[in-house]
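J.: For reference, this is model28.cif, and it has mmCIF, C-alpha atoms.
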data_entry
loop_
_atom_site.label_atom_id
_atom_site.label_comp_id
_atom_site.auth_asym_id
_atom_site.auth_seq_id
_atom_site.Cartn_x
_atom_site.Cartn_y
_atom_site.Cartn_z
CA MET A 268 -6.62 7.43 -12.85
CA THR A 269 -9.96 8.90 -11.90
CA ARG A 270 -9.55 11.81 -9.50
CA THR A 271 -12.53 12.76 -7.36
CA ASP A 272 -13.20 16.22 -5.97
CA THR A 273 -11.84 15.08 -2.61
CA GLY A 274 -8.75 13.46 -4.11
CA ARG A 275 -10.02 10.08 -2.98
CA ARG A 276 -9.61 7.16 -5.33
CA TYR A 277 -12.45 4.88 -4.49
CA GLU A 278 -11.20 1.96 -6.58
CA LEU A 279 -8.24 1.60 -4.21
CA ASP A 280 -10.54 1.63 -1.18
CA TRP A 281 -12.79 -1.02 -2.73
CA LEU A 282 -9.86 -3.22 -3.66
CA ARG A 283 -8.33 -2.98 -0.20
CA SER A 284 -11.60 -4.02 1.41
CA ILE A 285 -12.13 -6.85 -1.09
CA ALA A 286 -8.55 -8.07 -0.60
CA PHE A 287 -8.97 -8.25 3.17
CA ALA A 288 -12.32 -10.00 2.74
CA LEU A 289 -10.54 -12.62 0.61
CA LEU A 290 -8.23 -13.25 3.56
CA ILE A 291 -11.17 -14.45 5.62
CA LEU A 292 -12.18 -16.96 2.94
CA TYR A 293 -8.58 -17.98 2.37
CA HIS A 294 -7.83 -18.64 6.03
CA ILE A 295 -11.04 -20.61 6.48
CA GLY A 296 -9.90 -22.58 3.45
CA MET A 297 -6.60 -23.27 5.21
CA TYR A 298 -8.56 -25.10 7.89
CA TYR A 299 -9.97 -27.52 5.29
CA VAL A 300 -7.29 -27.83 2.61
CA ALA A 301 -5.34 -31.07 2.59
CA ASP A 302 -1.54 -31.27 2.94
CA TRP A 303 -1.04 -27.59 3.76
CA GLY A 304 0.02 -26.92 7.33
CA TRP A 305 -1.92 -24.45 9.44
CA HIS A 306 -2.51 -23.72 13.13
CA ILE A 307 -5.35 -26.23 13.44
CA LYS A 308 -6.82 -28.57 10.83
CA SER A 309 -10.25 -30.03 10.28
CA GLU A 310 -10.74 -33.80 10.30
CA GLN A 311 -12.35 -33.25 6.89
CA THR A 312 -9.73 -32.03 4.41
CA PHE A 313 -9.91 -31.77 0.63
CA THR A 314 -7.03 -31.97 -1.84
CA GLY A 315 -9.06 -30.36 -4.63
CA LEU A 316 -9.34 -27.19 -2.55
CA GLN A 317 -5.67 -26.52 -3.30
CA ASP A 318 -6.41 -25.67 -6.93
CA LEU A 319 -9.00 -23.08 -5.90
CA MET A 320 -6.76 -21.49 -3.28
CA ILE A 321 -3.85 -21.27 -5.71
CA LEU A 322 -6.02 -18.89 -7.73
CA THR A 323 -5.29 -16.09 -5.22
CA ASN A 324 -2.38 -17.49 -3.21
CA PRO A 325 0.45 -16.08 -5.40
CA TRP A 326 -0.76 -12.47 -5.45
CA ARG A 327 -3.27 -11.75 -2.67
CA MET A 328 -0.71 -10.26 -0.24
CA SER A 329 1.12 -8.51 -3.06
CA LEU A 330 -2.13 -6.72 -3.86
CA LEU A 331 -2.24 -5.31 -0.33
CA PHE A 332 1.34 -4.04 -0.58
CA LEU A 333 0.66 -2.60 -4.04
CA LEU A 334 -2.37 -0.70 -2.77
CA ALA A 335 -0.47 0.48 0.31
CA GLY A 336 2.31 1.85 -1.87
CA MET A 337 -0.21 3.69 -4.04
CA ALA A 338 -1.99 5.13 -1.00
CA LEU A 339 1.27 6.35 0.51
CA SER A 340 2.26 7.96 -2.78
CA LEU A 341 -1.05 9.82 -3.02
CA VAL A 342 -1.01 11.15 0.53
CA LEU A 343 2.63 12.27 0.70
CA PRO A 344 2.15 15.55 -1.22
CA ARG A 345 -0.45 16.63 1.35
CA ILE A 346 1.27 15.64 4.63
CA SER A 347 4.83 16.17 5.81
CA ARG A 348 7.01 13.08 6.05
CA LEU A 349 7.59 13.49 9.78
CA LYS A 350 3.89 13.84 10.53
CA LEU A 351 3.04 10.93 8.26
CA LEU A 352 5.62 8.74 9.99
CA GLY A 353 4.02 9.55 13.33
CA LEU A 354 0.53 8.83 12.06
CA ARG A 355 1.56 5.57 10.40
CA SER A 356 3.51 4.43 13.45
CA LYS A 357 0.53 5.10 15.70
CA ARG A 358 -1.84 3.32 13.33
CA LEU A 359 0.40 0.28 12.80
CA LEU A 360 2.80 -0.28 15.70
CA ILE A 361 0.32 0.09 18.56
CA PRO A 362 -2.14 -2.39 16.97
CA LEU A 363 0.80 -4.71 16.26
CA LEU A 364 1.82 -4.82 19.92
CA PHE A 365 -1.77 -5.26 21.06
CA THR A 366 -2.22 -8.06 18.52
CA MET A 367 0.93 -9.86 19.67
CA PHE A 368 0.16 -9.64 23.39
CA VAL A 369 -3.62 -10.14 23.27
CA VAL A 370 -5.27 -11.06 19.97
CA VAL A 371 -2.87 -13.72 18.67
CA VAL A 372 -2.59 -15.61 21.97
CA PRO A 373 -5.65 -17.87 21.36
CA GLN A 374 -4.16 -18.93 18.04
CA VAL A 375 -0.99 -20.21 19.71
CA TYR A 376 -2.96 -21.71 22.59
CA PHE A 377 -5.41 -23.71 20.49
CA GLU A 378 -2.65 -24.81 18.10
CA ALA A 379 -0.59 -26.21 20.98
CA LEU A 380 -3.70 -27.70 22.57
CA SER A 381 -4.73 -29.44 19.34
CA GLN A 382 -1.25 -31.02 19.13
CA GLN A 383 -1.45 -32.06 22.80
CA LEU A 384 1.66 -30.04 23.63
CA ILE A 385 0.12 -28.29 26.64
CA GLN A 386 -2.54 -28.83 29.25
CA PRO A 387 -5.77 -26.76 29.26
CA GLY A 388 -5.50 -23.49 31.14
CA TYR A 389 -5.56 -20.28 29.13
CA LEU A 390 -4.37 -17.80 31.77
CA GLN A 391 -1.44 -19.99 32.75
CA PHE A 392 -0.51 -20.31 29.09
CA TRP A 393 -0.78 -16.55 28.52
CA TRP A 394 1.65 -15.88 31.34
CA GLN A 395 4.18 -18.25 29.78
CA TYR A 396 3.48 -16.78 26.32
CA VAL A 397 4.43 -13.23 27.36
CA ASN A 398 7.46 -14.40 29.35
CA PRO A 399 10.51 -14.01 27.03
CA VAL A 400 12.52 -16.60 28.99
CA THR A 401 9.80 -19.23 29.28
CA ASP A 402 10.82 -22.88 28.88
CA LEU A 403 7.38 -23.84 27.52
CA LEU A 404 7.36 -25.23 23.95
CA PRO A 405 11.07 -24.59 23.30
CA ASP A 406 10.80 -25.90 19.72
CA HIS A 407 8.42 -23.02 18.91
CA HIS A 408 10.62 -20.23 20.29
CA SER A 409 11.83 -17.16 18.48
CA PRO A 410 14.43 -14.75 19.96
CA ILE A 411 11.57 -13.32 22.07
CA GLY A 412 10.17 -16.62 23.30
CA LEU A 413 6.68 -17.66 22.25
CA LEU A 414 5.62 -14.12 21.41
CA THR A 415 4.59 -13.91 17.75
CA TRP A 416 2.58 -11.85 15.29
CA ASN A 417 1.27 -14.79 13.21
CA HIS A 418 -1.14 -13.49 10.53
CA ALA A 419 -0.36 -9.86 11.45
CA TRP A 420 3.10 -10.08 9.83
CA PHE A 421 1.80 -7.73 7.14
CA ILE A 422 1.78 -4.86 9.67
CA PRO A 423 5.53 -4.73 10.55
CA TYR A 424 6.46 -5.29 6.91
CA LEU A 425 4.23 -2.42 5.85
CA TRP A 426 5.69 -0.14 8.52
CA CYS A 427 9.27 -0.92 7.49
CA TYR A 428 8.55 -0.38 3.79
CA SER A 429 6.77 2.88 4.57
CA LEU A 430 9.74 4.04 6.65
CA LEU A 431 12.14 3.33 3.77
CA VAL A 432 9.96 5.23 1.30
CA LEU A 433 9.65 8.20 3.66
CA LEU A 434 13.43 8.29 4.14
CA PHE A 435 14.11 8.17 0.40
CA TYR A 436 11.07 10.15 -0.74
CA PRO A 437 13.06 12.98 -2.34
CA LEU A 438 14.84 10.46 -4.57
CA LEU A 439 11.62 8.61 -5.45
CA LYS A 440 9.84 11.90 -6.11
CA SER A 441 12.64 13.00 -8.43
CA ILE A 442 12.51 9.68 -10.29
CA SER A 443 8.74 9.82 -10.66
CA GLN A 444 8.93 13.33 -12.13
CA THR A 445 11.65 12.64 -14.70
CA ARG A 446 10.54 13.11 -18.28
CA TRP A 447 11.78 9.72 -19.45
CA LEU A 448 9.72 7.93 -16.80
CA GLN A 449 6.59 9.97 -17.53
CA GLN A 450 6.92 9.17 -21.23
CA LEU A 451 7.89 5.53 -20.68
CA GLN A 452 5.31 3.13 -22.04
CA GLY A 453 3.69 0.91 -19.45
CA ARG A 454 4.86 -2.29 -21.15
CA TYR A 455 8.51 -1.30 -20.62
CA ALA A 456 7.90 -0.49 -16.96
CA LEU A 457 6.15 -3.84 -16.60
CA ALA A 458 9.06 -5.62 -18.28
CA LEU A 459 11.44 -3.99 -15.79
CA VAL A 460 9.54 -5.07 -12.66
CA PHE A 461 9.02 -8.51 -14.21
CA ALA A 462 12.79 -8.87 -14.73
CA LEU A 463 13.56 -7.70 -11.20
CA MET A 464 11.12 -10.14 -9.65
CA PHE A 465 12.39 -12.96 -11.84
CA TRP A 466 15.92 -12.22 -10.61
CA ALA A 467 14.71 -12.32 -6.98
CA TRP A 468 12.88 -15.59 -7.63
CA TRP A 469 15.95 -17.17 -9.26
CA THR A 470 18.52 -16.05 -6.69
CA LEU A 471 16.68 -15.78 -3.35
CA ARG A 472 13.66 -18.09 -3.29
CA ALA A 473 15.48 -21.35 -2.56
CA GLU A 474 17.96 -19.91 -0.07
CA PHE A 475 15.45 -17.79 1.83
CA PRO A 476 12.10 -19.61 2.08
CA SER A 477 9.17 -17.66 3.45
CA THR A 478 9.25 -17.14 7.23
CA HIS A 479 7.32 -13.87 7.80
CA ALA A 480 9.83 -13.23 10.60
CA LEU A 481 11.04 -9.92 9.07
CA VAL A 482 14.76 -10.36 9.78
CA ASP A 483 15.51 -13.37 7.55
CA ASP A 484 12.73 -13.18 4.95
CA TRP A 485 14.77 -11.82 2.07
CA TYR A 486 12.90 -13.33 -0.85
CA ASN A 487 9.60 -12.02 0.46
CA HIS A 488 11.20 -8.61 1.04
CA ALA A 489 12.51 -8.53 -2.52
CA LYS A 490 9.06 -9.41 -3.83
CA TYR A 491 6.83 -7.30 -1.60
CA PHE A 492 9.04 -4.22 -1.46
CA LEU A 493 9.30 -4.25 -5.26
CA VAL A 494 5.50 -4.41 -5.44
CA PHE A 495 5.26 -1.60 -2.87
CA ILE A 496 7.60 0.64 -4.90
CA ALA A 497 5.77 -0.27 -8.12
CA GLY A 498 2.51 0.86 -6.53
CA PHE A 499 4.15 4.07 -5.33
CA LEU A 500 5.31 4.95 -8.85
CA LEU A 501 2.14 3.72 -10.58
CA ALA A 502 0.00 6.14 -8.56
CA ARG A 503 1.94 9.06 -10.06
CA GLN A 504 1.86 7.97 -13.71
CA ASP A 505 -1.51 8.59 -15.33
CA LEU A 506 -0.27 7.19 -18.66
CA TRP A 507 0.50 3.80 -17.08
CA TRP A 508 -2.86 3.73 -15.37
CA GLN A 509 -4.73 4.49 -18.59
CA GLN A 510 -2.88 1.71 -20.39
CA LEU A 511 -3.50 -0.68 -17.51
CA VAL A 512 -7.27 -0.07 -17.54
CA ALA A 513 -7.50 -0.16 -21.33
CA ASN A 514 -5.78 -3.56 -21.48
CA ARG A 515 -7.85 -5.20 -18.74
CA ARG A 516 -9.28 -7.85 -21.09
CA LEU A 517 -5.78 -8.81 -22.16
CA TRP A 518 -4.80 -9.22 -18.50
CA LEU A 519 -7.82 -11.45 -17.98
CA VAL A 520 -6.87 -13.77 -20.84
CA MET A 521 -3.23 -13.91 -19.74
CA ALA A 522 -4.16 -14.50 -16.10
CA LEU A 523 -6.44 -17.42 -16.96
CA CYS A 524 -3.77 -18.91 -19.22
CA CYS A 525 -1.08 -18.67 -16.52
CA TYR A 526 -3.37 -20.13 -13.89
CA SER A 527 -4.33 -22.99 -16.23
CA LEU A 528 -0.66 -23.79 -16.89
CA ILE A 529 0.10 -23.85 -13.16
CA ILE A 530 -2.81 -26.17 -12.40
CA ALA A 531 -1.94 -28.40 -15.35
CA GLU A 532 1.62 -28.73 -14.11
CA ARG A 533 0.43 -29.54 -10.60
CA HIS A 534 -1.56 -32.45 -12.05
CA ASP A 535 1.46 -33.73 -14.03
CA ILE A 536 -0.03 -33.03 -17.44
CA PHE A 537 3.31 -31.78 -18.75
CA ALA A 538 5.51 -34.09 -16.65
CA VAL A 539 8.45 -31.66 -16.53
CA SER A 540 8.57 -30.82 -12.81
CA ALA A 541 11.11 -33.61 -12.22
CA GLN A 542 13.60 -31.65 -14.37
CA PHE A 543 13.25 -28.44 -12.37
CA ASP A 544 16.57 -28.82 -10.55
CA THR A 545 18.51 -30.25 -13.50
CA SER A 546 17.39 -28.21 -16.49
CA VAL A 547 17.98 -24.45 -16.72
CA TRP A 548 15.32 -24.20 -19.42
CA VAL A 549 12.67 -25.92 -17.32
CA LYS A 550 13.50 -23.78 -14.30
CA THR A 551 13.37 -20.65 -16.45
CA LEU A 552 10.00 -21.65 -17.89
CA PHE A 553 8.63 -22.23 -14.39
CA GLY A 554 9.88 -18.84 -13.25
CA VAL A 555 8.46 -17.00 -16.26
CA VAL A 556 5.00 -18.54 -15.80
CA LEU A 557 4.95 -17.96 -12.04
CA ILE A 558 6.10 -14.34 -12.24
CA ALA A 559 3.76 -13.60 -15.15
CA ASN A 560 0.88 -15.14 -13.19
CA HIS A 561 1.72 -12.93 -10.21
CA TRP A 562 1.76 -9.68 -12.17
CA VAL A 563 -1.09 -10.18 -14.63
CA TRP A 564 -3.51 -10.97 -11.80
CA LEU A 565 -2.49 -7.73 -10.10
CA LEU A 566 -2.96 -5.83 -13.35
CA LEU A 567 -6.29 -7.57 -13.91
CA VAL A 568 -7.83 -6.53 -10.59
CA LEU A 569 -6.45 -2.99 -10.88
CA GLY A 570 -7.72 -2.67 -14.44
CA TYR A 571 -11.26 -3.78 -13.70
CA ALA A 572 -11.39 -1.76 -10.50
CA GLY A 573 -10.25 1.33 -12.41
CA ALA A 574 -12.92 0.72 -15.04
CA TYR A 575 -15.90 0.03 -12.78
CA LEU A 576 -15.20 1.16 -9.21
CA ALA A 577 -13.46 4.51 -9.65
CA LYS A 578 -16.58 6.64 -9.10
CA THR A 579 -18.42 4.31 -6.74
CA ASN A 580 -18.74 5.67 -3.22
CA SER A 581 -21.25 4.45 -0.66
CA PRO A 582 -21.87 4.18 3.10
CA LEU A 583 -20.67 0.56 2.84
CA LEU A 584 -17.30 1.70 1.50
CA ARG A 585 -16.94 4.30 4.24
CA TYR A 586 -17.71 1.61 6.81
CA CYS A 587 -15.15 -0.73 5.25
CA ASN A 588 -12.44 1.94 5.22
CA ASP A 589 -12.70 2.30 8.99
CA ALA A 590 -13.35 -1.36 9.78
CA VAL A 591 -10.72 -3.04 7.62
CA LEU A 592 -7.83 -2.98 10.11
CA PRO A 593 -9.81 -4.27 13.14
CA TRP A 594 -11.41 -6.96 10.96
CA TYR A 595 -7.98 -7.98 9.69
CA ILE A 596 -6.58 -8.20 13.22
CA LEU A 597 -9.53 -10.18 14.58
CA HIS A 598 -10.45 -12.56 11.76
CA GLN A 599 -7.87 -15.36 12.09
CA THR A 600 -8.19 -15.61 15.86
CA LEU A 601 -11.97 -15.86 15.49
CA ILE A 602 -11.65 -18.54 12.78
CA ILE A 603 -9.42 -20.66 15.02
CA LEU A 604 -11.61 -20.07 18.07
CA PHE A 605 -14.87 -21.01 16.34
CA ALA A 606 -13.27 -23.91 14.46
CA SER A 607 -12.00 -25.32 17.76
CA TRP A 608 -15.52 -25.12 19.19
CA LEU A 609 -17.15 -26.69 16.12
CA LYS A 610 -14.63 -29.47 15.54
CA PRO A 611 -15.87 -31.83 18.32
CA LEU A 612 -19.41 -31.61 16.87
CA ALA A 613 -18.26 -33.39 13.68
CA ILE A 614 -20.58 -31.34 11.47
CA PRO A 615 -20.23 -32.20 7.75
CA ALA A 616 -17.95 -29.71 6.02
CA ILE A 617 -20.68 -28.64 3.59
CA ALA A 618 -22.61 -27.27 6.57
CA GLU A 619 -19.68 -26.39 8.84
CA PHE A 620 -17.94 -24.12 6.31
CA PRO A 621 -20.80 -21.62 5.91
CA LEU A 622 -21.42 -21.74 9.66
CA LEU A 623 -17.76 -20.98 10.36
CA LEU A 624 -17.87 -18.14 7.83
CA ILE A 625 -21.04 -16.65 9.36
CA LEU A 626 -19.62 -16.87 12.89
CA THR A 627 -16.34 -15.26 11.82
CA VAL A 628 -18.01 -12.39 9.98
CA ALA A 629 -20.45 -11.85 12.85
CA GLY A 630 -17.59 -11.90 15.34
CA CYS A 631 -15.59 -9.36 13.31
CA TRP A 632 -18.64 -7.12 12.96
CA LEU A 633 -19.50 -7.30 16.66
CA GLY A 634 -15.87 -6.83 17.66
CA TYR A 635 -15.54 -3.74 15.49
CA GLU A 636 -18.77 -2.25 16.82
CA VAL A 637 -17.42 -2.62 20.37
CA ILE A 638 -13.96 -1.36 19.43
CA ARG A 639 -15.09 1.84 17.72
CA ARG A 640 -17.22 2.84 20.71
CA SER A 641 -14.33 2.56 23.16
CA ALA A 642 -11.55 5.15 23.27
CA LEU A 643 -9.05 2.63 24.67
CA LEU A 644 -9.87 -0.12 22.17
CA SER A 645 -9.92 2.36 19.29
CA TRP A 646 -6.39 3.37 20.25
CA CYS A 647 -5.30 -0.28 20.51
CA PHE A 648 -6.69 -1.06 17.03
CA GLY A 649 -5.35 2.02 15.26
CA LEU A 650 -8.65 3.89 14.97
CA LYS A 651 -9.49 7.49 15.68
CA PRO A 652 -11.16 8.02 19.06
CA PRO A 653 -14.97 7.76 18.99
CA VAL A 654 -16.81 11.00 18.29
CA ARG A 655 -18.96 12.09 21.19
CA SER A 656 -22.47 13.35 20.60
CA ALA A 657 -23.07 17.09 20.47
CA GLY A 658 -24.89 17.04 23.83
CA VAL A 659 -22.07 15.23 25.58
CA GLN A 660 -19.55 17.57 23.94
CA ARG A 661 -21.41 20.65 25.24
CA GLN A 662 -21.57 19.18 28.75
CA ALA A 663 -17.84 18.46 28.69
CA GLU A 664 -17.09 22.00 27.52
CA ALA A 665 -19.34 23.45 30.25
CA VAL A 666 -17.49 21.49 32.92
#
So, in terms of structure tokens, how does the structure I just supplied come out?
T.:
Amino acid sequence: MTRTDTGRRYELDWLRSIAFALLILYHIGMYYVADWGWHIKSEQTFTGLQDLMILTNPWRMSLLFLLAGMALSLVLPRISRLKLLGLRSKRLLIPLLFTMFVVVVPQVYFEALSQQLIQPGYLQFWWQYVNPVTDLLPDHHSPIGLLTWNHAWFIPYLWCYSLLVLLFYPLLKSISQTRWLQQLQGRYALALVFALMFWAWWTLRAEFPSTHALVDDWYNHAKYFLVFIAGFLLARQDLWWQQLVANRRLWLVMALCCYSLIIAERHDIFAVSAQFDTSVWVKTLFGVVLIANHWVWLLLVLGYAGAYLAKTNSPLLRYCNDAVLPWYILHQTLIILFASWLKPLAIPAIAEFPLLLILTVAGCWLGYEVIRRSALLSWCFGLKPPVRSAGVQRQAEAV
């Protein structure tokens, strides 16, 4: 892996920013895709959009956990575990609470309003939303009432996985430094994580469908925590990284083949899906293709990023590094807000989609520019406090 003079690995920064940018496109797509439930839906939906969204759906969140595991692995030798836990808690838990109590509320409000479950009145709804014993919308309650984190579920999962790694860091460090692991060929390491994920898929997927509720989401935990640990170990094994980058064209071919098989099956070209629950061989074949598709896409994006983005630094990347968390927190609420405003206008989707994208990006940009200039909002969104100008600093020191 390319090591810069500052120890920064720019390919990881680029990939993180690109992955979060994909979330904006993906969630706008959720507004238009047919037959997939979301908070609000357009009157104009398209079945064919499913095939395009399946291109990134299986691995887009795994990529974020993989990158987070790599970043944590790279920073741990430079910062004590206790200090890092404090920094990560401040950067993740405070924004999570702010998101749940403030940012996510319009999502729940407009969803309930679009289903005619409530009457208009945002402030009245907010008061019921933050009340843990409210009797409003009882079918949508969790153990804490209507309060939810919606799209921000990634934040508590990341915090929990980071906590586990920090607790067991001596063990993971010892494993990563063992001679057999350092000499292990990447294909054997890949076979191991493939087998572990296949086991999780076979044993947990049906019994624990995805909830993003943290406490009962065991299949997702098995998948994402495995990816997180894989990223942690990958960051410390230069041999694996070199092999990963060198084989990027192979990953591309395999990824396209897996994706093509998945799309072909969805369109009944093979006509074997009916045997999924009755044939062990069919179920095994499905699992192998799905797990392979998941991993080779991750290897593909890492390989090409390592080949072409490792030495690429720019003011845009520095902006993205700071802006990525506020943009992530804001984007889905803005999509739902703007979509709710545009929906009554009945604009054709070919014109509405780019307009919704422009409004969302502009809203995220404007929101971040306001946030980073406010000490309170910077704290709420996990940013460092704004730097005061030299003149203001001298005046403050004089006083």
J.: Give as an MDAnalysis selection string the set of residues within 6 Å of the point (-10.2, -0.9, 17.6), where distances use the file's coordinates and only C-alpha atoms.
T.: chainID A and resid 593 638:639 644:645 647:648 650
J.: Could those selected residues go to a file with C-alpha atoms, as a short mmCIF file (atom, residue, chain, number, x, y, z; two decimals), in the coordinates of the input?
T.:
data_model
loop_
_atom_site.label_atom_id
_atom_site.label_comp_id
_atom_site.auth_asym_id
_atom_site.auth_seq_id
_atom_site.Cartn_x
_atom_site.Cartn_y
_atom_site.Cartn_z
CA PRO A 593 -9.81 -4.27 13.14
CA ILE A 638 -13.96 -1.36 19.43
CA ARG A 639 -15.09 1.84 17.72
CA LEU A 644 -9.87 -0.12 22.17
CA SER A 645 -9.92 2.36 19.29
CA CYS A 647 -5.30 -0.28 20.51
CA PHE A 648 -6.69 -1.06 17.03
CA LEU A 650 -8.65 3.89 14.97
#
J.: What does the PyMOL selection byres ((chain A and resi 444-449) around 9) select in this file, as an MDAnalysis selection string?
T.: chainID A and resid 439:443 450:452 456 503:507
J.: Name the closest residue to Leu433 (chain A) among the candidates A:Leu517, A:Met320, A:Leu414, A:Val342; distances are taken between atoms, counting all atoms listed in the file.
T.: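 Among the listed residues, A:Val342 lies closest to Leu433 (chain A).
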J.: As an exercise, work out the distance from CA of Leu523 (chain A) to CA of Gly315 (chain A) in Å and give it to one decimal place.
T.: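 Separating CA of Leu523 (chain A) from CA of Gly315 (chain A) is a distance of 18.1 Å.
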J.: Identify all residues satisfying the PyMOL selection byres ((chain A and resi 347-358) around 8) in the given file; provide them as a PyMOL selection string.
T.: chain A and resi 343-346+359-362+426+430+433+648-650
J.: Care to translate the PyMOL selection byres ((chain A and resi 375-380) around 10) into actual residues of this file, as a CSV table (one decimal) with C-alpha atoms, keeping the file's coordinate frame?
T.:
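So expr_37.csv came out as:
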chain,number,residue,atom,x,y,z
A,305,TRP,CA,-1.9,-24.4,9.4
A,306,HIS,CA,-2.5,-23.7,13.1
A,307,ILE,CA,-5.4,-26.2,13.4
A,308,LYS,CA,-6.8,-28.6,10.8
A,371,VAL,CA,-2.9,-13.7,18.7
A,372,VAL,CA,-2.6,-15.6,22.0
A,373,PRO,CA,-5.6,-17.9,21.4
A,374,GLN,CA,-4.2,-18.9,18.0
A,381,SER,CA,-4.7,-29.4,19.3
A,382,GLN,CA,-1.2,-31.0,19.1
A,383,GLN,CA,-1.4,-32.1,22.8
A,384,LEU,CA,1.7,-30.0,23.6
A,385,ILE,CA,0.1,-28.3,26.6
A,386,GLN,CA,-2.5,-28.8,29.2
A,387,PRO,CA,-5.8,-26.8,29.3
A,388,GLY,CA,-5.5,-23.5,31.1
A,389,TYR,CA,-5.6,-20.3,29.1
A,392,PHE,CA,-0.5,-20.3,29.1
A,393,TRP,CA,-0.8,-16.6,28.5
A,396,TYR,CA,3.5,-16.8,26.3
A,404,LEU,CA,7.4,-25.2,24.0
A,407,HIS,CA,8.4,-23.0,18.9
A,413,LEU,CA,6.7,-17.7,22.2
A,414,LEU,CA,5.6,-14.1,21.4
A,415,THR,CA,4.6,-13.9,17.8
A,417,ASN,CA,1.3,-14.8,13.2
A,600,THR,CA,-8.2,-15.6,15.9
A,603,ILE,CA,-9.4,-20.7,15.0
A,604,LEU,CA,-11.6,-20.1,18.1
A,606,ALA,CA,-13.3,-23.9,14.5
A,607,SER,CA,-12.0,-25.3,17.8
